[in-house]
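**Student:** You'll find work.cif just under this line, and it carries mmCIF, C-alpha atoms.
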data_query
loop_
_atom_site.label_atom_id
_atom_site.label_comp_id
_atom_site.auth_asym_id
_atom_site.auth_seq_id
_atom_site.Cartn_x
_atom_site.Cartn_y
_atom_site.Cartn_z
CA MET A 1 140.52 124.23 95.51
CA HIS A 2 139.34 121.65 92.98
CA ASN A 3 135.70 120.55 93.33
CA SER A 4 135.49 116.86 92.43
CA GLY A 5 131.84 117.39 91.45
CA ASP A 6 132.72 119.96 88.76
CA HIS A 7 134.81 118.05 86.27
CA THR A 8 135.47 119.89 83.03
CA SER A 9 136.54 116.84 81.03
CA ASP A 10 134.58 113.68 80.36
CA LEU A 11 135.23 110.73 82.61
CA PRO A 12 136.33 107.44 80.99
CA TRP A 13 133.02 105.64 81.57
CA GLU A 14 130.83 108.42 80.13
CA HIS A 15 131.25 107.10 76.60
CA PRO A 16 131.36 103.58 75.18
CA LYS A 17 134.57 102.21 73.82
CA SER A 18 135.41 103.94 70.56
CA SER A 19 134.83 102.12 67.28
CA ARG A 20 138.21 103.46 66.23
CA GLU A 21 139.76 101.25 68.85
CA ASP A 22 137.59 98.26 68.00
CA PRO A 23 135.00 98.30 65.17
CA LYS A 24 132.86 95.75 67.02
CA ALA A 25 132.81 97.68 70.31
CA SER A 26 129.68 99.76 69.71
CA LYS A 27 127.59 96.74 68.67
CA LEU A 28 128.81 94.69 71.61
CA VAL A 29 128.02 97.44 74.11
CA LYS A 30 124.50 97.85 72.72
CA GLN A 31 123.92 94.11 73.11
CA LEU A 32 125.11 94.28 76.70
CA MET A 33 122.83 97.20 77.55
CA LYS A 34 119.83 95.35 76.09
CA SER A 35 120.47 92.32 78.27
CA PRO A 36 117.85 91.76 81.02
CA THR A 37 120.66 91.32 83.53
CA TYR A 38 121.77 94.91 82.90
CA ARG A 39 118.41 96.39 83.98
CA LEU A 40 118.15 97.88 87.44
CA ALA A 41 116.48 95.28 89.64
CA GLU A 42 113.53 97.55 90.46
CA GLU A 43 112.98 98.24 86.74
CA ASP A 44 113.26 94.61 85.69
CA HIS A 45 109.64 93.50 85.36
CA ASP A 46 110.53 89.87 84.65
CA PHE A 47 112.74 89.69 87.74
CA MET A 48 110.19 91.38 90.01
CA LYS A 49 107.51 88.94 88.81
CA SER A 50 109.70 85.88 89.21
CA TYR A 51 109.01 83.10 91.72
CA GLU A 52 112.26 83.86 93.55
CA ALA A 53 111.31 87.53 94.09
CA ARG A 54 107.99 86.73 95.77
CA GLY A 55 109.39 87.66 99.18
CA ILE A 56 110.24 91.13 97.88
CA ARG A 57 106.76 91.52 96.39
CA LEU A 58 105.16 90.51 99.69
CA GLU A 59 107.24 93.11 101.50
CA ILE A 60 106.42 96.01 99.21
CA ASP A 61 102.74 94.97 99.07
CA TYR A 62 102.75 95.43 102.85
CA LEU A 63 105.03 98.45 103.10
CA LYS A 64 103.26 100.87 100.74
CA ALA A 65 100.00 100.84 102.71
CA GLU A 66 101.85 100.74 106.04
CA LEU A 67 103.74 103.96 105.30
CA ALA A 68 100.64 105.77 104.02
CA MET A 69 98.59 104.89 107.11
CA ALA A 70 101.45 105.90 109.40
CA LYS A 71 101.63 109.26 107.60
CA PHE A 72 97.99 109.94 108.48
CA GLY A 73 98.51 108.90 112.08
CA VAL A 74 96.27 105.84 111.91
CA GLU A 75 96.55 104.02 115.24
CA GLY A 76 93.44 101.85 115.18
CA THR A 77 90.81 100.73 112.71
CA ILE A 78 87.16 99.72 112.96
CA VAL A 79 86.84 97.11 110.23
CA VAL A 80 83.55 96.45 108.42
CA PHE A 81 82.93 93.39 106.26
CA GLY A 82 79.83 92.39 104.31
CA SER A 83 78.51 91.37 100.93
CA ALA A 84 79.51 93.30 97.82
CA ARG A 85 76.15 92.25 96.33
CA ILE A 86 73.90 94.09 98.80
CA SER A 87 72.95 97.43 97.26
CA GLU A 88 70.91 100.41 98.41
CA HIS A 89 67.13 100.14 98.32
CA LYS A 90 66.50 102.03 95.08
CA THR A 91 69.02 99.91 93.21
CA SER A 92 67.62 96.68 94.61
CA MET A 93 64.09 97.75 93.68
CA ALA A 94 65.14 98.60 90.13
CA LYS A 95 66.64 95.12 89.72
CA LEU A 96 63.52 93.52 91.18
CA LYS A 97 61.20 95.39 88.80
CA ALA A 98 63.34 94.43 85.80
CA ILE A 99 63.09 90.75 86.72
CA GLN A 100 59.37 91.04 87.43
CA LYS A 101 58.82 92.21 83.86
CA LYS A 102 60.75 89.21 82.54
CA VAL A 103 58.69 86.87 84.69
CA GLU A 104 55.44 88.42 83.43
CA ALA A 105 56.55 87.59 79.90
CA ASN A 106 57.78 84.10 80.85
CA PRO A 107 55.79 83.00 83.93
CA ASN A 108 56.84 79.35 83.69
CA ASP A 109 60.58 79.98 83.43
CA HIS A 110 62.00 78.33 86.57
CA ALA A 111 65.37 80.11 86.29
CA LEU A 112 63.62 83.49 86.17
CA LEU A 113 61.41 82.56 89.11
CA ARG A 114 64.52 81.73 91.11
CA GLU A 115 66.06 85.07 90.12
CA LEU A 116 62.85 86.76 91.24
CA ALA A 117 62.98 85.11 94.67
CA ILE A 118 66.61 86.15 95.11
CA ALA A 119 65.85 89.71 93.98
CA GLU A 120 63.07 89.93 96.56
CA ARG A 121 65.46 88.83 99.30
CA MET A 122 68.05 91.34 98.14
CA VAL A 123 65.46 94.11 98.50
CA GLU A 124 64.93 92.93 102.09
CA LYS A 125 68.68 92.94 102.71
CA SER A 126 69.04 96.48 101.33
CA LEU A 127 68.22 97.68 104.85
CA TYR A 128 71.71 96.50 105.78
CA TYR A 129 73.17 99.01 103.29
CA ASP A 130 71.47 101.86 105.15
CA ASP A 131 72.52 100.38 108.47
CA ALA A 132 76.18 100.00 107.45
CA ARG A 133 76.11 103.58 106.20
CA MET A 134 74.89 104.68 109.62
CA PHE A 135 77.68 102.71 111.26
CA GLY A 136 80.20 104.49 109.04
CA ARG A 137 78.82 107.78 110.33
CA TYR A 138 79.32 106.68 113.92
CA VAL A 139 82.97 105.92 113.24
CA GLY A 140 83.43 109.12 111.25
CA LEU A 141 82.03 111.26 114.06
CA SER A 142 84.17 109.65 116.75
CA GLY A 143 87.36 110.94 118.29
CA LYS A 144 88.15 114.64 118.12
CA GLY A 145 86.52 115.18 114.73
CA PRO A 146 86.69 114.29 111.03
CA GLU A 147 90.41 115.11 110.73
CA ASP A 148 91.28 112.80 113.61
CA SER A 149 92.49 109.58 111.96
CA ARG A 150 93.72 107.77 115.07
CA ILE A 151 90.62 105.56 114.99
CA ILE A 152 89.32 105.21 111.45
CA LEU A 153 86.93 103.08 109.42
CA MET A 154 88.41 100.39 107.17
CA THR A 155 86.66 98.21 104.58
CA GLY A 156 87.56 95.97 101.68
CA GLY A 157 87.06 98.93 99.38
CA GLY A 158 84.43 97.38 97.12
CA PRO A 159 80.70 97.93 96.54
CA GLY A 160 77.74 96.84 98.67
CA ILE A 161 78.19 96.89 102.43
CA MET A 162 81.77 98.12 102.06
CA GLU A 163 80.61 101.08 99.99
CA ALA A 164 77.88 101.86 102.49
CA ALA A 165 80.28 102.01 105.43
CA ASN A 166 82.81 104.17 103.58
CA ARG A 167 79.93 106.35 102.44
CA GLY A 168 78.78 106.91 106.00
CA SER A 169 82.17 108.30 106.99
CA TYR A 170 82.23 110.34 103.79
CA ASP A 171 78.81 111.80 104.68
CA VAL A 172 80.27 113.43 107.80
CA GLY A 173 83.50 114.56 106.14
CA ALA A 174 85.70 111.94 107.80
CA ARG A 175 88.50 109.92 106.28
CA SER A 176 88.16 106.18 105.71
CA ILE A 177 90.31 103.38 104.32
CA GLY A 178 89.64 100.90 101.52
CA LEU A 179 91.79 97.80 100.98
CA ASN A 180 91.05 96.64 97.46
CA ILE A 181 92.45 93.46 95.95
CA ARG A 182 93.55 92.88 92.36
CA LEU A 183 91.33 90.25 90.76
CA PRO A 184 91.41 88.56 87.34
CA HIS A 185 88.31 90.51 86.28
CA GLU A 186 88.03 94.30 86.22
CA GLN A 187 86.86 95.84 89.49
CA TYR A 188 86.69 99.35 90.87
CA PRO A 189 86.98 100.86 94.35
CA ASN A 190 83.84 102.46 95.72
CA PRO A 191 83.87 106.27 95.35
CA TYR A 192 83.67 107.16 99.05
CA ILE A 193 87.15 106.09 100.20
CA THR A 194 89.71 108.78 101.04
CA PRO A 195 91.94 108.86 97.91
CA GLU A 196 95.18 108.89 99.91
CA LEU A 197 93.99 105.85 101.85
CA CYS A 198 92.67 103.77 98.96
CA PHE A 199 94.98 100.80 98.35
CA GLN A 200 95.17 97.88 95.96
CA PHE A 201 96.86 94.66 97.03
CA HIS A 202 98.14 91.73 95.04
CA TYR A 203 98.21 89.25 97.92
CA PHE A 204 95.16 88.35 99.98
CA ALA A 205 97.50 87.45 102.84
CA ILE A 206 98.97 90.96 103.06
CA ARG A 207 95.51 92.50 102.79
CA LYS A 208 94.37 90.30 105.68
CA LEU A 209 97.38 91.41 107.69
CA HIS A 210 96.40 95.06 107.31
CA PHE A 211 92.78 94.27 108.20
CA PHE A 212 93.83 92.89 111.57
CA LEU A 213 97.09 94.69 112.34
CA ARG A 214 95.46 97.81 113.83
CA SER A 215 91.90 96.52 114.27
CA LYS A 216 90.10 97.72 117.39
CA ALA A 217 86.81 96.08 116.40
CA LEU A 218 85.34 93.98 113.63
CA VAL A 219 81.76 94.50 112.43
CA VAL A 220 80.36 91.88 110.06
CA TYR A 221 77.20 92.30 108.01
CA PRO A 222 75.56 89.50 105.98
CA GLY A 223 77.85 88.23 103.26
CA GLY A 224 79.23 85.25 101.41
CA PHE A 225 82.56 83.43 101.09
CA GLY A 226 84.77 86.50 101.51
CA THR A 227 82.87 87.77 104.52
CA LEU A 228 82.88 84.35 106.18
CA ASP A 229 86.57 83.94 105.43
CA GLU A 230 87.47 87.16 107.24
CA LEU A 231 85.05 86.47 110.09
CA PHE A 232 86.38 83.01 110.88
CA GLU A 233 89.95 84.20 110.46
CA ILE A 234 89.62 86.63 113.36
CA LEU A 235 87.48 84.24 115.45
CA THR A 236 90.22 81.61 115.10
CA LEU A 237 92.97 84.09 115.98
CA ILE A 238 91.13 85.15 119.13
CA GLN A 239 90.11 81.59 120.07
CA THR A 240 93.70 80.35 119.80
CA ARG A 241 94.98 83.48 121.61
CA LYS A 242 97.17 84.24 118.64
CA THR A 243 95.95 87.84 118.88
CA HIS A 244 94.54 89.97 121.66
CA PRO A 245 90.73 89.95 122.00
CA ILE A 246 88.73 92.66 120.25
CA PRO A 247 84.96 93.12 119.99
CA VAL A 248 83.59 91.12 117.05
CA VAL A 249 80.02 92.08 116.18
CA MET A 250 77.75 90.33 113.66
CA VAL A 251 74.86 92.50 112.49
CA GLY A 252 71.62 90.82 111.40
CA ALA A 253 70.54 88.18 113.91
CA SER A 254 68.06 86.40 111.62
CA TYR A 255 70.72 85.98 108.92
CA TRP A 256 73.49 84.74 111.19
CA HIS A 257 71.35 82.35 113.23
CA LYS A 258 70.05 80.78 110.04
CA LEU A 259 73.47 80.62 108.39
CA ILE A 260 75.52 79.20 111.29
CA ASN A 261 74.29 76.87 114.01
CA PHE A 262 76.80 77.66 116.74
CA ASP A 263 74.90 75.56 119.29
CA PHE A 264 75.39 72.55 117.03
CA LEU A 265 79.16 73.12 117.10
CA ILE A 266 79.04 73.09 120.91
CA GLU A 267 76.88 69.96 120.96
CA GLU A 268 79.35 68.23 118.67
CA GLY A 269 82.22 69.23 120.96
CA VAL A 270 84.19 71.01 118.23
CA ILE A 271 84.08 74.37 120.04
CA ALA A 272 83.78 75.21 123.74
CA PRO A 273 80.74 77.02 125.19
CA ASP A 274 83.00 79.94 126.14
CA ASP A 275 83.89 80.39 122.46
CA LEU A 276 80.48 82.02 121.97
CA ASN A 277 81.74 84.90 124.13
CA ILE A 278 84.23 85.84 121.40
CA PHE A 279 81.50 87.54 119.37
CA LYS A 280 78.17 89.34 119.74
CA ILE A 281 75.17 89.14 117.42
CA VAL A 282 73.03 92.31 117.16
CA ASP A 283 70.43 93.80 114.84
CA SER A 284 71.59 97.35 114.12
CA ALA A 285 74.50 99.72 113.73
CA GLU A 286 73.49 101.47 116.93
CA GLU A 287 73.60 98.22 118.91
CA ALA A 288 76.94 97.34 117.33
CA TRP A 289 78.48 100.72 118.18
CA ASP A 290 77.14 100.70 121.74
CA TYR A 291 78.54 97.20 122.26
CA ILE A 292 81.99 98.23 121.02
CA ILE A 293 82.09 101.29 123.31
CA ALA A 294 80.86 99.25 126.29
CA TRP A 295 83.34 96.45 125.57
CA TYR A 296 86.25 98.88 125.85
CA GLU A 297 84.87 100.63 128.91
CA GLU A 298 84.47 97.27 130.67
CA SER A 299 88.02 96.31 129.70
CA GLY A 300 89.34 99.38 131.51
CA LYS A 301 90.88 100.73 128.31
CA PRO A 302 88.30 103.00 126.66
CA LEU A 303 88.41 103.19 122.88
CA PHE A 304 88.38 106.98 123.07
CA ALA A 305 90.03 109.29 125.57
CA GLU A 306 87.90 111.12 128.13
CA GLY A 307 86.09 114.05 126.57
CA GLU A 308 86.18 112.67 123.03
CA SER A 309 83.06 111.90 121.03
CA HIS A 310 81.60 108.41 120.96
CA GLY A 311 80.45 108.88 117.41
CA LYS A 312 76.75 109.67 117.79
CA GLU A 313 75.21 112.94 116.72
#
Would you mind writing the file out in structure tokens?
**Tutor:**
Amino acid sequence: MHNSGDHTSDLPWEHPKSSREDPKASKLVKQLMKSPTYRLAEEDHDFMKSYEARGIRLEIDYLKAELAMAKFGVEGTIVVFGSARISEHKTSMAKLKAIQKKVEANPNDHALLRELAIAERMVEKSLYYDDARMFGRYVGLSGKGPEDSRIILMTGGGPGIMEAANRGSYDVGARSIGLNIRLPHEQYPNPYITPELCFQFHYFAIRKLHFFLRSKALVVYPGGFGTLDELFEILTLIQTRKTHPIPVVMVGASYWHKLINFDFLIEEGVIAPDDLNIFKIVDSAEEAWDYIIAWYEESGKPLFAEGESHGKE
């Protein structure tokens, strides 16, 4: 019986048209094969980067991370946001001392004096690095153990508060996720993310989608534009009932009360008094974690099954 897969003679399309038949054939075929239209679509960089192919790029930006998280059995995430500029105490102190030396040499330099004041405040805020690291431990110790990825920590993958939270899970041997974003300037993921769950996105919109798609809670430490963007995104989604409610916790009462006057928004009639129930402001990782656990117990749908750890040692 002849096996169609085992041909002993060349098939007609396995060789270009012979130059004996047409002297121009070889040159013409080479020109055709160099044409951009001849490239496989997935290998055509110009096509994949075109305006018209944006829908495809959005899809694959979403799908790659989606498949990887599904492979690890990720069902829910505890998302932590916060400033990339807040570093651990020793780093903050080193920066402060360096600026102090500059000020000693130029005591009347107003720009340096401003830098000094900011450096002093960053040393104060370094306590949030330690606190976010502790929160990462709580998440890492939850569930059935470090290998249990059903509920897992997720951050934006960068330095500062994000690094601290990932580091906390790393400290206890647990997996954690980092959703990095490609930016015009060089940037690196923090070293404490699980390698198989460290992603880089092109589109902020798709990154946002993954932040909220599986989120079981959102914990927000002091931060700037990016932190506020993500915070108000989820507050708006919950307020408009576009998504189901989840516990939203803001850590650092003095920072948040100074930054945002929520009572003023109520007085002006632009939000309702009940909107303040969407979030909780606390002062520590322990308070944040206890609030999340209590929120789920009160809802009648505990975050963790009976007999599983609640994340505290």
**Student:** I'd like the residues picked by the PyMOL selection byres ((chain A and resi 194) around 9) written out as a ChimeraX atom specification, using the chain letters and numbers from the file.
**Tutor:** /A:166,170,174-178,191-193,195-198
**Student:** Find, counting only C-alpha atoms, the residue in A:Arg54, A:Thr240, A:Ala253, A:Val248 that gets nearest to Asn277 (chain A).
**Tutor:** A:Val248
**Student:** Give me the residues within 8 Å of region 62-75 of chain A as a PyMOL selection string, counting only C-alpha atoms and dropping any in the same chain fewer than 2 places off.
**Tutor:** chain A and resi 58-60+77+149-152+196-197+199+206-207+210+214
**Student:** Record the distance separating CA of Ser299 (chain A) and CA of Ile246 (chain A), expressed in Å with one decimal.
**Tutor:**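 Calculated distance between CA of Ser299 (chain A) and CA of Ile246 (chain A) is 10.2 Å.
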**Student:** Check the smallest atom-to-atom distance from each of A:Val220, A:Ile118, A:Leu235, A:Glu42 to Arg57 (chain A) using all atoms listed in the file, then report the winner.
**Tutor:**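 Selected residue with least distance to Arg57 (chain A): A:Glu42.
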**Student:** Quick one: of A:Leu179, A:Leu11, A:Ile234, A:Met93, who's nearest to Glu124 (chain A), counting only C-alpha atoms?
**Tutor:**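 Nearest candidate to Glu124 (chain A) out of A:Leu179, A:Leu11, A:Ile234, A:Met93: A:Met93.
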**Student:** Applying the PyMOL selection byres ((chain A and resi 135) around 8) to the file I just gave you, which residues come out? Please list them as a list in words.
**Tutor:**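 On this input, the PyMOL selection byres ((chain A and resi 135) around 8) captures Asp131, Ala132, Arg133, Met134, Gly136, Arg137, Tyr138, Val139, Ala165, Gly168, Ala285, Glu286 and Trp289 of chain A.
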**Student:** Which residue is closest to His257 (chain A)? Choose from A:Lys242, A:Lys17, A:Ile181, A:Asp283 and count all atoms listed in the file.
**Tutor:**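 Counting all atoms listed in the file, the residue closest to His257 (chain A) is A:Asp283.
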**Student:** May I have the protein, DNA and RNA residues with an atom at most 10 Å from (78.4, 97.3, 117.2), counting only C-alpha atoms in the file's coordinates, returned as an MDAnalysis selection string?
**Tutor:** chainID A and resid 135 138 217:220 247:251 280:295
**Student:** Convert the output of the PyMOL selection byres ((chain A and resi 85-89) around 6) on the shown file into explicit residues, formatted as a PDB file with C-alpha atoms, keeping the file's coordinate frame.
**Tutor:**
ATOM      1  CA  SER A  83      78.510  91.370 100.930  1.00  0.00           C
ATOM      2  CA  ALA A  84      79.510  93.300  97.820  1.00  0.00           C
ATOM      3  CA  LYS A  90      66.500 102.030  95.080  1.00  0.00           C
ATOM      4  CA  THR A  91      69.020  99.910  93.210  1.00  0.00           C
ATOM      5  CA  SER A  92      67.620  96.680  94.610  1.00  0.00           C
ATOM      6  CA  SER A 126      69.040  96.480 101.330  1.00  0.00           C
ATOM      7  CA  TYR A 129      73.170  99.010 103.290  1.00  0.00           C
ATOM      8  CA  GLY A 160      77.740  96.840  98.670  1.00  0.00           C
TER       9      GLY A 160
END
**Student:** So, counting only C-alpha atoms, which residue among A:Ile278, A:Val103, A:Ile78, A:Ala117 is closest to Ser169 (chain A)?
**Tutor:**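 Smallest separation from Ser169 (chain A) among the options: A:Ile78.
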**Student:** Between CA of Ala111 (chain A) and CA of Gly252 (chain A), what is the distance, to one decimal in Å?
**Tutor:**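 A separation of 28.0 Å between them.
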**Student:** Give me the residues near Pro16 (chain A) as a list in words, where near means some atom within 10 Å (using all atoms listed in the file) and where sequence neighbours in that chain fewer than 5 positions away do not count.
**Tutor:** Ala25, Ser26, Leu28, Val29 and Lys30 of chain A
**Student:** Which distance in Å separates CA of Trp256 (chain A) and CA of Pro222 (chain A), to one decimal?
**Tutor:**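 CA of Pro222 (chain A) lies 7.4 Å from CA of Trp256 (chain A).
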**Student:** Env of Phe204 (chain A): 12 Å cut, atoms = only C-alpha atoms, seq-sep filter 4 positions within chain, self excluded. Answer as number ranges by chain.
**Tutor:** A: 58, 61-62, 156, 179-183, 200, 208-211, 226, 229-230
**Student:** Taking (97.3, 89.1, 114.1) in the file's coordinates as the center, which residues reach within 6 Å of it, counting only C-alpha atoms, put as JSON, numbers by chain?
**Tutor:** {"A": [212, 213, 243]}
